[in-house]
Structures are given as C-alpha cells and as structure tokens.
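Colleague: Input file: upload-v3.cif. Contents: mmCIF, C-alpha atoms.
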```cif
data_target
#
loop_
_atom_site.label_atom_id
_atom_site.label_comp_id
_atom_site.auth_asym_id
_atom_site.auth_seq_id
_atom_site.Cartn_x
_atom_site.Cartn_y
_atom_site.Cartn_z
CA MET C 1 44.85 -14.66 24.85
CA SER C 2 44.19 -14.39 28.59
CA LEU C 3 40.72 -15.13 29.85
CA LEU C 4 41.31 -13.15 33.04
CA ARG C 5 43.82 -10.47 33.89
CA LEU C 6 44.11 -8.54 37.14
CA ASP C 7 46.73 -5.78 37.17
CA GLN C 8 47.78 -4.21 40.46
CA VAL C 9 44.30 -4.64 41.88
CA ALA C 10 43.40 -3.38 45.32
CA CYS C 11 40.19 -4.40 47.07
CA TRP C 12 38.49 -2.44 49.82
CA ARG C 13 35.55 -4.11 51.46
CA GLY C 14 33.80 -3.97 54.79
CA GLY C 15 35.77 -0.90 55.81
CA ARG C 16 39.22 -2.45 55.36
CA LEU C 17 41.80 -3.15 52.69
CA LEU C 18 41.70 -6.84 51.81
CA PHE C 19 44.63 -6.83 49.38
CA GLU C 20 46.52 -4.50 47.08
CA GLY C 21 48.98 -4.72 44.20
CA PHE C 22 47.39 -8.02 43.22
CA ASP C 23 48.31 -9.51 39.83
CA LEU C 24 46.79 -12.59 38.26
CA THR C 25 46.56 -13.93 34.73
CA LEU C 26 44.53 -16.95 33.63
CA GLU C 27 45.19 -18.52 30.27
CA PRO C 28 42.91 -21.06 28.57
CA GLY C 29 43.24 -24.46 30.21
CA GLN C 30 44.46 -23.05 33.53
CA GLY C 31 42.88 -23.58 36.93
CA VAL C 32 43.80 -21.46 39.91
CA LEU C 33 42.74 -22.45 43.42
CA VAL C 34 42.60 -19.59 45.91
CA THR C 35 43.06 -20.61 49.53
CA GLY C 36 43.36 -18.72 52.78
CA PRO C 37 41.68 -18.16 56.13
CA ASN C 38 38.18 -16.71 56.42
CA GLY C 39 37.94 -13.02 55.64
CA THR C 40 41.07 -12.75 53.53
CA GLY C 41 39.10 -11.81 50.43
CA LYS C 42 38.70 -15.06 48.47
CA SER C 43 35.05 -14.39 47.59
CA SER C 44 35.79 -10.72 46.98
CA LEU C 45 38.53 -11.71 44.54
CA LEU C 46 36.02 -13.82 42.62
CA ARG C 47 33.48 -10.97 42.60
CA LEU C 48 36.16 -8.57 41.39
CA ALA C 49 37.02 -10.99 38.58
CA ALA C 50 33.32 -11.19 37.70
CA GLY C 51 33.05 -7.41 37.53
CA LEU C 52 30.49 -7.37 40.34
CA LEU C 53 32.83 -5.34 42.53
CA THR C 54 34.84 -2.33 41.46
CA PRO C 55 38.49 -2.43 42.50
CA LEU C 56 39.79 0.38 44.66
CA SER C 57 42.63 0.66 42.17
CA GLY C 58 44.06 -1.39 39.35
CA ARG C 59 42.45 -2.99 36.34
CA VAL C 60 40.39 -6.12 35.73
CA THR C 61 39.75 -7.54 32.27
CA SER C 62 37.96 -10.80 31.68
CA ALA C 63 36.18 -12.94 29.12
CA ALA C 64 32.53 -13.92 29.60
CA VAL C 65 32.09 -15.24 33.12
CA ALA C 66 29.95 -17.83 34.90
CA LEU C 67 29.86 -17.54 38.67
CA ALA C 68 28.75 -20.12 41.24
CA ASP C 69 28.76 -18.94 44.83
CA GLU C 70 26.80 -19.89 47.93
CA ARG C 71 23.59 -18.61 46.33
CA SER C 72 22.00 -20.78 43.66
CA ALA C 73 20.34 -17.92 41.72
CA LEU C 74 17.42 -20.23 41.07
CA ASP C 75 13.78 -19.35 41.71
CA ALA C 76 12.93 -21.22 44.90
CA GLU C 77 9.26 -21.63 43.99
CA LEU C 78 9.84 -23.29 40.61
CA THR C 79 10.84 -26.86 39.88
CA LEU C 80 14.55 -27.34 39.29
CA ALA C 81 14.11 -27.86 35.54
CA ARG C 82 11.97 -24.72 35.16
CA ALA C 83 14.28 -22.65 37.35
CA LEU C 84 17.28 -23.70 35.26
CA GLY C 85 15.22 -23.03 32.13
CA PHE C 86 15.31 -19.33 32.96
CA TRP C 87 19.09 -19.38 32.30
CA ALA C 88 19.04 -21.82 29.40
CA SER C 89 18.72 -21.45 25.65
CA SER C 90 16.60 -24.58 25.32
CA ALA C 91 14.93 -27.41 27.24
CA ALA C 92 17.45 -29.83 25.72
CA ALA C 93 20.30 -27.81 27.24
CA VAL C 94 18.65 -28.03 30.66
CA GLU C 95 18.25 -31.78 30.26
CA ALA C 96 21.91 -32.17 29.30
CA ALA C 97 23.07 -30.07 32.26
CA LEU C 98 20.87 -32.06 34.67
CA ASP C 99 22.32 -35.28 33.26
CA ARG C 100 25.87 -34.03 33.69
CA LEU C 101 25.25 -33.26 37.39
CA ASP C 102 23.24 -36.44 38.01
CA LEU C 103 20.13 -34.41 38.76
CA PRO C 104 17.42 -35.78 36.39
CA ALA C 105 15.56 -37.37 39.30
CA LEU C 106 15.18 -33.92 40.88
CA ALA C 107 14.04 -32.13 37.72
CA ASP C 108 10.45 -31.81 38.95
CA VAL C 109 11.27 -31.04 42.58
CA PRO C 110 10.80 -27.41 43.71
CA VAL C 111 14.14 -25.68 44.29
CA ARG C 112 13.13 -24.80 47.86
CA MET C 113 13.03 -28.52 48.69
CA LEU C 114 16.63 -29.21 47.62
CA SER C 115 19.41 -29.88 50.13
CA THR C 116 22.60 -27.80 50.31
CA GLY C 117 24.57 -30.30 48.25
CA GLN C 118 21.82 -30.59 45.66
CA LEU C 119 21.67 -26.79 45.40
CA ARG C 120 25.46 -26.74 44.80
CA ARG C 121 25.04 -29.22 41.98
CA ALA C 122 22.14 -27.19 40.59
CA ALA C 123 24.34 -24.09 40.65
CA MET C 124 26.98 -26.00 38.69
CA ALA C 125 24.30 -26.98 36.18
CA ARG C 126 23.56 -23.25 35.81
CA VAL C 127 27.27 -22.63 35.23
CA LEU C 128 27.27 -25.25 32.45
CA LEU C 129 24.28 -23.53 30.85
CA ALA C 130 26.10 -20.19 30.73
CA HIS C 131 28.62 -21.47 28.11
CA ALA C 132 31.18 -19.01 29.47
CA PRO C 133 34.91 -19.66 29.03
CA LEU C 134 35.81 -18.40 32.50
CA TRP C 135 34.31 -20.08 35.56
CA LEU C 136 34.47 -18.51 39.00
CA LEU C 137 33.64 -21.11 41.63
CA ASP C 138 33.28 -20.18 45.29
CA GLU C 139 33.52 -23.26 47.52
CA PRO C 140 32.08 -25.52 44.80
CA ALA C 141 32.57 -28.72 46.83
CA ASN C 142 30.75 -27.51 49.95
CA GLY C 143 28.04 -29.94 50.95
CA LEU C 144 28.89 -32.44 48.21
CA ASP C 145 29.30 -36.16 48.91
CA ALA C 146 32.35 -38.07 47.61
CA GLU C 147 30.61 -39.17 44.42
CA ALA C 148 29.46 -35.64 43.62
CA VAL C 149 32.97 -34.27 44.25
CA GLU C 150 34.36 -36.81 41.81
CA ARG C 151 31.73 -35.81 39.26
CA LEU C 152 32.65 -32.15 39.82
CA GLY C 153 36.27 -33.08 39.11
CA GLY C 154 35.23 -34.54 35.77
CA ILE C 155 33.30 -31.41 34.84
CA ILE C 156 36.24 -29.19 35.79
CA ALA C 157 38.68 -31.33 33.78
CA ASP C 158 36.41 -31.24 30.71
CA HIS C 159 36.04 -27.47 30.89
CA LEU C 160 39.79 -26.90 31.14
CA GLN C 161 40.46 -29.36 28.35
CA ALA C 162 37.98 -27.48 26.14
CA GLY C 163 40.04 -24.31 26.55
CA GLY C 164 38.22 -22.76 29.48
CA ALA C 165 39.78 -21.41 32.66
CA ILE C 166 38.70 -21.61 36.29
CA LEU C 167 39.35 -19.43 39.31
CA ALA C 168 38.12 -21.31 42.37
CA ALA C 169 38.13 -20.51 46.05
CA SER C 170 37.95 -23.44 48.41
CA HIS C 171 38.90 -24.57 51.88
CA GLN C 172 39.09 -28.16 50.75
CA PRO C 173 41.13 -29.79 47.97
CA LEU C 174 39.40 -29.77 44.59
CA PRO C 175 39.79 -32.55 42.02
CA GLY C 176 39.89 -32.17 38.26
CA THR C 177 43.29 -30.70 37.54
CA ALA C 178 46.69 -29.83 38.92
CA TRP C 179 45.56 -26.55 40.41
CA ARG C 180 47.92 -23.60 40.61
CA LYS C 181 47.63 -22.61 44.29
CA LEU C 182 47.27 -19.05 45.36
CA ALA C 183 47.21 -18.36 49.10
CA LEU C 184 45.71 -15.15 50.44
CA ALA C 185 47.14 -14.07 53.75
CA ALA C 186 45.22 -12.55 56.64
CA MET Z 1 16.75 -11.91 28.81
CA ILE Z 2 14.76 -8.80 29.77
CA GLY Z 3 11.59 -10.34 28.27
CA ARG Z 4 12.22 -13.52 30.24
CA LEU Z 5 12.62 -11.51 33.42
CA ILE Z 6 9.33 -9.65 32.87
CA PHE Z 7 7.52 -12.91 32.10
CA ARG Z 8 9.04 -14.65 35.13
CA ASP Z 9 8.20 -11.81 37.53
CA LEU Z 10 4.68 -11.59 36.15
CA ARG Z 11 4.12 -15.33 36.40
CA ARG Z 12 5.49 -15.38 39.93
CA ALA Z 13 3.25 -12.48 40.98
CA LEU Z 14 0.11 -13.92 39.40
CA GLY Z 15 0.85 -17.40 40.74
CA GLY Z 16 1.50 -16.09 44.22
CA SER Z 17 0.15 -13.14 46.10
CA ALA Z 18 -0.98 -10.81 43.30
CA LEU Z 19 -4.57 -10.93 44.50
CA LEU Z 20 -3.74 -9.82 48.05
CA PRO Z 21 -3.40 -6.08 47.26
CA VAL Z 22 -6.65 -6.22 45.27
CA ILE Z 23 -8.52 -7.93 48.09
CA PHE Z 24 -7.04 -5.44 50.53
CA PHE Z 25 -8.16 -2.58 48.28
CA LEU Z 26 -11.71 -3.95 48.19
CA LEU Z 27 -11.74 -4.51 51.94
CA VAL Z 28 -10.74 -0.90 52.63
CA ALA Z 29 -13.45 0.31 50.25
CA ALA Z 30 -15.97 -1.95 51.99
CA LEU Z 31 -14.98 -0.70 55.45
CA VAL Z 32 -15.38 3.00 54.63
CA PRO Z 33 -19.22 3.05 54.65
CA PHE Z 34 -19.14 1.42 58.09
CA ALA Z 35 -16.78 4.12 59.36
CA VAL Z 36 -18.31 7.16 57.64
CA GLY Z 37 -21.95 6.12 57.84
CA PRO Z 38 -24.66 5.56 55.24
CA ASP Z 39 -24.71 9.18 53.97
CA GLY Z 40 -24.67 8.58 50.19
CA LYS Z 41 -23.75 12.16 49.31
CA LEU Z 42 -20.80 12.21 51.69
CA LEU Z 43 -19.56 8.83 50.44
CA ALA Z 44 -19.84 9.94 46.82
CA ARG Z 45 -17.91 13.11 47.61
CA VAL Z 46 -15.03 11.46 49.47
CA GLY Z 47 -15.17 8.19 47.48
CA PRO Z 48 -12.57 8.92 44.76
CA GLY Z 49 -10.04 10.13 47.33
CA LEU Z 50 -10.71 7.12 49.54
CA LEU Z 51 -10.19 4.77 46.61
CA TRP Z 52 -6.81 6.36 46.06
CA VAL Z 53 -5.88 5.99 49.73
CA ALA Z 54 -6.92 2.35 49.45
CA ALA Z 55 -4.78 1.96 46.32
CA LEU Z 56 -1.76 3.48 48.07
CA THR Z 57 -2.04 1.25 51.11
CA ALA Z 58 -2.63 -1.79 48.87
CA ALA Z 59 0.61 -0.91 47.05
CA LEU Z 60 2.53 -1.50 50.28
CA LEU Z 61 1.69 -5.20 50.44
CA PRO Z 62 3.91 -6.54 47.64
CA LEU Z 63 6.94 -4.36 48.52
CA GLU Z 64 8.89 -7.17 50.18
CA ARG Z 65 8.70 -9.58 47.27
CA LEU Z 66 9.58 -7.14 44.48
CA VAL Z 67 13.38 -7.15 44.80
CA GLU Z 68 14.59 -8.85 47.98
CA PRO Z 69 14.02 -12.51 46.96
CA ASP Z 70 16.08 -11.98 43.80
CA ARG Z 71 18.85 -10.15 45.65
CA ALA Z 72 19.03 -12.81 48.36
CA ALA Z 73 19.11 -15.65 45.82
CA GLY Z 74 21.92 -14.04 43.81
CA MET Z 75 19.68 -13.56 40.75
CA LEU Z 76 20.61 -9.90 40.35
CA ASP Z 77 24.34 -10.75 40.20
CA GLN Z 78 23.71 -13.41 37.58
CA LEU Z 79 21.57 -11.03 35.52
CA ALA Z 80 24.44 -8.52 35.63
CA LEU Z 81 26.82 -11.24 34.42
CA LYS Z 82 24.40 -11.87 31.56
CA GLY Z 83 24.97 -8.28 30.51
CA LEU Z 84 21.79 -6.72 31.88
CA SER Z 85 22.21 -3.31 33.46
CA MET Z 86 20.45 -2.75 36.77
CA GLU Z 87 18.41 -0.04 35.01
CA GLU Z 88 17.07 -2.69 32.62
CA VAL Z 89 16.33 -4.98 35.56
CA ALA Z 90 14.43 -2.16 37.28
CA VAL Z 91 12.40 -1.39 34.14
CA ALA Z 92 11.50 -5.08 33.80
CA LYS Z 93 10.42 -5.23 37.43
CA ILE Z 94 8.34 -2.05 37.15
CA LEU Z 95 6.56 -3.33 34.06
CA ALA Z 96 5.89 -6.77 35.56
CA HIS Z 97 4.75 -5.24 38.84
CA TRP Z 98 2.37 -2.84 37.12
CA LEU Z 99 0.90 -5.61 34.95
CA SER Z 100 0.19 -7.71 38.03
CA PHE Z 101 -1.06 -4.79 40.13
CA GLY Z 102 -2.53 -2.03 37.90
CA PRO Z 103 -5.15 -3.75 35.74
CA PRO Z 104 -6.54 -5.91 38.59
CA LEU Z 105 -6.84 -2.76 40.70
CA LEU Z 106 -8.73 -0.99 37.91
CA ILE Z 107 -11.15 -3.88 37.70
CA ALA Z 108 -11.54 -3.98 41.49
CA ALA Z 109 -12.30 -0.24 41.46
CA ILE Z 110 -15.64 -0.98 39.77
CA PRO Z 111 -17.20 -2.98 42.65
CA ALA Z 112 -15.44 -0.66 45.11
CA SER Z 113 -17.16 2.35 43.50
CA VAL Z 114 -20.52 0.63 43.95
CA LEU Z 115 -19.77 0.18 47.66
CA LEU Z 116 -19.06 3.90 47.90
CA GLY Z 117 -22.05 4.93 45.79
CA LEU Z 118 -20.01 6.68 43.08
CA SER Z 119 -21.82 7.87 39.96
CA GLY Z 120 -20.83 6.51 36.55
CA GLU Z 121 -19.07 9.76 35.75
CA ALA Z 122 -17.10 9.75 39.01
CA LEU Z 123 -16.15 6.13 38.42
CA SER Z 124 -14.87 6.95 34.92
CA ARG Z 125 -12.76 9.80 36.28
CA THR Z 126 -11.40 7.62 39.09
CA LEU Z 127 -10.54 4.83 36.67
CA LEU Z 128 -8.72 7.33 34.46
CA THR Z 129 -6.68 8.64 37.40
CA LEU Z 130 -5.85 5.08 38.47
CA ALA Z 131 -4.79 4.18 34.92
CA ILE Z 132 -2.50 7.20 34.82
CA GLY Z 133 -1.23 6.99 38.40
CA THR Z 134 -0.66 3.28 38.99
CA PRO Z 135 2.37 3.05 36.62
CA GLY Z 136 4.03 5.80 38.67
CA LEU Z 137 3.04 4.02 41.86
CA ALA Z 138 4.53 0.74 40.56
CA ALA Z 139 7.77 2.55 39.67
CA LEU Z 140 7.92 4.12 43.13
CA ALA Z 141 7.30 0.74 44.76
CA VAL Z 142 10.19 -0.89 42.86
CA ALA Z 143 12.51 2.02 43.71
CA VAL Z 144 11.60 1.83 47.40
CA ALA Z 145 11.91 -1.97 47.41
CA SER Z 146 15.41 -1.62 45.90
CA LEU Z 147 16.43 1.03 48.42
CA THR Z 148 15.36 -1.10 51.38
CA SER Z 149 16.43 -4.49 49.99
CA GLY Z 150 18.70 -6.35 52.39
CA LEU Z 151 17.99 -4.01 55.29
CA ARG Z 152 16.55 -5.14 58.59
CA GLN Z 153 12.85 -4.32 58.92
CA ALA Z 154 12.79 -3.55 55.20
CA SER Z 155 9.02 -3.86 55.03
CA ALA Z 156 8.34 -1.22 57.68
CA LEU Z 157 11.03 1.06 56.27
CA GLY Z 158 9.59 0.63 52.79
CA SER Z 159 6.14 1.69 53.96
CA LEU Z 160 7.58 4.72 55.73
CA LEU Z 161 9.42 5.71 52.55
CA LEU Z 162 6.73 4.99 49.99
CA LEU Z 163 3.75 6.73 51.55
CA PRO Z 164 5.30 10.23 51.88
CA LEU Z 165 6.83 10.00 48.40
CA ALA Z 166 3.43 9.12 46.97
CA ILE Z 167 1.72 12.20 48.43
CA PRO Z 168 2.03 14.36 45.25
CA LEU Z 169 0.50 11.54 43.23
CA LEU Z 170 -2.31 11.18 45.78
CA ILE Z 171 -3.06 14.93 45.86
CA PHE Z 172 -3.32 15.34 42.09
CA ALA Z 173 -5.05 12.01 41.46
CA ALA Z 174 -7.70 12.54 44.13
CA SER Z 175 -8.18 16.10 42.94
CA ALA Z 176 -8.53 15.02 39.28
CA ALA Z 177 -10.98 12.29 40.25
CA GLY Z 178 -13.11 14.78 42.17
CA ASP Z 179 -12.96 17.82 39.90
CA PRO Z 180 -12.13 17.31 36.22
CA LYS Z 181 -11.68 21.04 35.47
CA ALA Z 182 -8.86 21.80 37.85
CA GLY Z 183 -6.04 20.61 35.55
CA ALA Z 184 -4.98 18.15 38.22
CA LEU Z 185 -5.07 15.27 35.75
CA GLN Z 186 -2.17 16.79 33.79
CA LEU Z 187 -0.24 17.32 37.01
CA GLU Z 188 -0.93 13.74 38.07
CA ALA Z 189 0.31 12.53 34.67
CA ALA Z 190 3.45 14.66 35.10
CA VAL Z 191 4.15 13.20 38.55
CA SER Z 192 3.52 9.66 37.31
CA LEU Z 193 5.83 10.23 34.33
CA PHE Z 194 8.51 11.71 36.58
CA LEU Z 195 8.37 8.62 38.80
CA LEU Z 196 8.45 6.29 35.80
CA VAL Z 197 11.50 7.99 34.36
CA GLY Z 198 13.40 8.50 37.60
CA ALA Z 199 12.67 5.25 39.43
CA PRO Z 200 14.81 2.94 37.25
CA PHE Z 201 17.90 5.07 37.92
CA VAL Z 202 17.26 5.28 41.66
CA SER Z 203 16.55 1.57 41.78
CA ALA Z 204 19.67 0.68 39.78
CA ALA Z 205 21.91 2.86 41.96
CA ALA Z 206 20.49 1.19 45.08
CA LEU Z 207 20.98 -2.30 43.67
CA ARG Z 208 24.57 -1.54 42.70
CA ALA Z 209 25.28 -0.09 46.13
CA ALA Z 210 23.81 -3.20 47.79
CA ARG Z 211 26.20 -5.34 45.74
CA THR Z 212 29.24 -3.89 47.52
#
```
Mind converting the file's structure to structure tokens?
Modeller:
Amino acid sequence: MSLLRLDQVACWRGGRLLFEGFDLTLEPGQGVLVTGPNGTGKSSLLRLAAGLLTPLSGRVTSAAVALADERSALDAELTLARALGFWASSAAAVEAALDRLDLPALADVPVRMLSTGQLRRAAMARVLLAHAPLWLLDEPANGLDAEAVERLGGIIADHLQAGGAILAASHQPLPGTAWRKLALAA
Amino acid sequence: MIGRLIFRDLRRALGGSALLPVIFFLLVAALVPFAVGPDGKLLARVGPGLLWVAALTAALLPLERLVEPDRAAGMLDQLALKGLSMEEVAVAKILAHWLSFGPPLLIAAIPASVLLGLSGEALSRTLLTLAIGTPGLAALAVAVASLTSGLRQASALGSLLLLPLAIPLLIFAASAAGDPKAGALQLEAAVSLFLLVGAPFVSAAALRAART
C-alpha cells in the first residue's frame, strides 16, 4: 500500500503555476530526492504532500506525516528537552531521540541558543518522535557538519528499512539510501 | 494535544509577560485621578467606564505574542499535522489567554477601584462586567492576532483592529457597571458570547490563509 500518492497535481503559489499534471507514488522503503533550482516548488511539493497546501487540481493521499523544514517548531524559550517533550509521548522517548541525534549534551540548553545545525538535528529528533511512516524533509542536511550528515544517513536508512518512506528536497546529495531522483524544472 | 497546547501557552504567558497588561491596567487607573482631579464623586461616576477603557488598552499589550511566535516557528503547521484543526488551536489559545489575562485583571480591579474611589457596590458590578466581558475580549484578541500574524507592523494593525471591534463590549460593559437596571449586562453577555463563538472560526480561517 502506498504511503504517498499524488495524482495529476497542480500547484499554484505566489501568483504563478509551479507545476501541473504531477504524479508521484511512494511505497514503503522508498526514498525520493527532489532537486531543482530555487523557486521551482520543492518546498511547495512537500507541503502539498503534508496536506498543508491545497492543490489547484488533482488529488493527494498520504499516510501519517512528519515534516522537517527550515523551522524547528520548537518553543525557543524552553530547554531542548522540554521543547521536544511537547511533541513526545514520554520523557524516555525524548531521551532516545536526543541520543539518536547526538544531542544529550544540549538537552538543558534553551532552544534559542542553538546553532542552525543543532536546530536541524533537533527538528530531526522531533520527526523521530512523531512515529509517522512518511517523512517529508526539506533541506535536512543544511548546516550539518560531516559527522551529523553521516548520522542523518543512518537515521534515514533505518527508517526506510523499517518500512517507512521519505520525500526529501535538497540541493546537496543526501546519504542513507539509493535515492530515486526527481528534478523539478524552472 | 489540545490540553498540552493550553498548558504550554498558559505556562509561557505566566512565565513571561503576563503581568505587563495587569501593571498597565493599574497604571492607567492610578493616572486617572491625576488627570481628572481629586473630585471623589466624579471619579466614582466615571470609574467603572475608565476601568473598562484601561482593560481594553491593557488587552493590546499581549497581541503580538499570542499567535505570531507559533506561526513563525512552524508550530501551527506541526499541530495541523498532528490532526488538530485550526479552530481547536484557536479555542486553546483563547482559553489560555483568558486564564493568563482575565483572573489577574479581576484581582487588579480591586486596588484600581480603591484608587478611583468606587463604592463596594460599584466594584461588585464592575467585577461582574469584567468577568463576563474578558472572555469575549480574549477571543477578540486571538482573532485579531491571527488576522495580523505575519504582516508587517502587525502590532499597530492589531491595535487599530481590536479597539473598534471592542466598542460594543465597552458600551454595554461600562453601562452595566454604572447602571444595573438598564439591561446592559445581558447585552454585554450576548456580545461576549458572540465573540467567543465567532472568534475561533475567524481565527482558523486567518491561520489557514496565512499558510498559503
């Protein structure tokens, strides 16, 4: 059963048509990497898949979704552990997610003090806490150092192996799987 | 999730700037005798209305932090992905905002009434109108904060929107606080209820529109 299906989808945003007649199906275990120049609709495609945007035409059906974009969705005034706790079912789950992203040392640091790369990792920890089969990752490697990118690759591989699917948009190569490439044209 | 959101908003408000509107409210009440003069009768007559004007202006202070931080941080999108409708989000925000704003304002109205020389009876009536009107005011504030979220000069725009929309509430509340027989209390309750019922839908529509 498909985790994501886009049938003949058209997207209108910012006063122009970004794409139309777009088809995409994601099965469990599949990873699709969307590439393309700025402004071609990579982020909009992810938001359409998440159901946060309504397509101009066509149909979008998806399983439960976890989205990580340039915004961390974490309360800037709280410590990282408490901010993640808002999205978690238990403190143990937060601890496990922090461990997975190599963030335990930052657990008690306020979110507003985190660097861009650390915020990206925190957003991935939030994705882990969502326990959703379909991940939508917008530039997940932005701001990450080599070690963190490698760790991200491991997390991606584990998720796909567990039967999840990932739709990612990135300007840089992503590790973790043999991505099916999808190029959006300007 | 909705309970968590209420608790989080409440904790954030109480841990942050929740006292500012209350202090502002008290300051306005304290300034009035300096402006109007020491005429006790005059102060007692205009006092309930002035307390309501102070409450309205105090309600402007937290406008910026009601919705915009969550929109900018992507929290609203994530709440939607968790299955929460924007109407539910708005209800949670109204409830949390009222809990952090309404009861403290009611308590602050007691020393403020002393500053204005209100009688015990006038204070009771004013407290009743504040108890009935502040939920509507909180709902209006969340709706206005949602409508202006993400806009440039959102704070100034919010003030310009909120104050005129609160005029019916102000008229009936001040009237009910001054004259209990006029039936204004029922009208104030009706306006407050209308705002409470309508605001979540207005707020949700604005938040959905901002998403695109």
Colleague: Could the residues of chain Z that have an atom at most 9 Å from chain C be listed as JSON lines, each with its closest atom pair and the distance in Å to one decimal, counting all atoms listed in the file and ordered by chain and ascending residue number?
Modeller:
```
{"residue": "Z:Met1", "atom": "CA", "partner": "C:Trp87", "partner_atom": "CA", "distance": 8.6}
{"residue": "Z:Arg4", "atom": "CA", "partner": "C:Phe86", "partner_atom": "CA", "distance": 7.1}
{"residue": "Z:Leu5", "atom": "CA", "partner": "C:Phe86", "partner_atom": "CA", "distance": 8.3}
{"residue": "Z:Arg8", "atom": "CA", "partner": "C:Phe86", "partner_atom": "CA", "distance": 8.1}
{"residue": "Z:Arg12", "atom": "CA", "partner": "C:Glu77", "partner_atom": "CA", "distance": 8.4}
{"residue": "Z:Pro69", "atom": "CA", "partner": "C:Asp75", "partner_atom": "CA", "distance": 8.6}
{"residue": "Z:Asp70", "atom": "CA", "partner": "C:Ala73", "partner_atom": "CA", "distance": 7.6}
{"residue": "Z:Arg71", "atom": "CA", "partner": "C:Ala73", "partner_atom": "CA", "distance": 8.8}
{"residue": "Z:Ala72", "atom": "CA", "partner": "C:Arg71", "partner_atom": "CA", "distance": 7.7}
{"residue": "Z:Ala73", "atom": "CA", "partner": "C:Ala73", "partner_atom": "CA", "distance": 4.8}
{"residue": "Z:Gly74", "atom": "CA", "partner": "C:Ala73", "partner_atom": "CA", "distance": 4.7}
{"residue": "Z:Met75", "atom": "CA", "partner": "C:Ala73", "partner_atom": "CA", "distance": 4.5}
{"residue": "Z:Leu76", "atom": "CA", "partner": "C:Ala73", "partner_atom": "CA", "distance": 8.1}
{"residue": "Z:Asp77", "atom": "CA", "partner": "C:Leu52", "partner_atom": "CA", "distance": 7.0}
{"residue": "Z:Gln78", "atom": "CA", "partner": "C:Ala73", "partner_atom": "CA", "distance": 7.0}
{"residue": "Z:Ala80", "atom": "CA", "partner": "C:Leu52", "partner_atom": "CA", "distance": 7.8}
{"residue": "Z:Leu81", "atom": "CA", "partner": "C:Val65", "partner_atom": "CA", "distance": 6.7}
{"residue": "Z:Lys82", "atom": "CA", "partner": "C:Ala130", "partner_atom": "CA", "distance": 8.5}
{"residue": "Z:Arg208", "atom": "CA", "partner": "C:Leu52", "partner_atom": "CA", "distance": 8.6}
{"residue": "Z:Arg211", "atom": "CA", "partner": "C:Leu52", "partner_atom": "CA", "distance": 7.2}
{"residue": "Z:Thr212", "atom": "CA", "partner": "C:Leu53", "partner_atom": "CA", "distance": 6.3}
```
Colleague: Name all residues at most 10 Å from stretch 122-132 of chain Z (count all atoms listed in the file; drop same-chain ones fewer than 3 positions away) and give them as an MDAnalysis selection string.
Modeller: chainID Z and resid 44:45 47:49 51:52 55 102:103 105:107 109:110 112:114 117:119 135:137 169:170 172:180 184:186 188:193
Colleague: In Å, with one decimal, what is the gap from atom CA of C:Ile156 to atom CA of C:Gly176?
Modeller: 5.3 Å
Colleague: I'd like the residues picked by the PyMOL selection byres ((chain C and resi 169) around 10) written out as number ranges by chain, using the chain letters and numbers from the file.
Modeller: C: 32-36, 41-43, 45-46, 69, 136-141, 166-168, 170-174, 181-183
Colleague: With the file shown as input, list the residues that the PyMOL selection byres ((chain C and resi 27) around 8) selects, as a PyMOL selection string.
Modeller: chain C and resi 1-4+25-26+28-30+165
Colleague: Could you expand the PyMOL selection byres ((chain Z and resi 197-206) around 8) into the explicit residues it covers here, written as a list in words?
Modeller: Ser85, Met86, Glu87, Glu88, Val89, Ala90, Val91, Ala139, Leu140, Val142, Ala143, Val144, Ser146, Leu147, Leu193, Phe194, Leu195, Leu196, Leu207, Arg208, Ala209 and Ala210 of chain Z
Colleague: Separation of atom CA of Z:Ser100 and atom CA of Z:Val46, in Å?
Modeller: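 Result for atom CA of Z:Ser100 versus atom CA of Z:Val46: 27.0 Å, one decimal.
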Colleague: May I ask for the distance between atom CA of Z:Leu84 and atom CA of Z:Ser149, given in Å to one decimal place?
Modeller: 19.0 Å
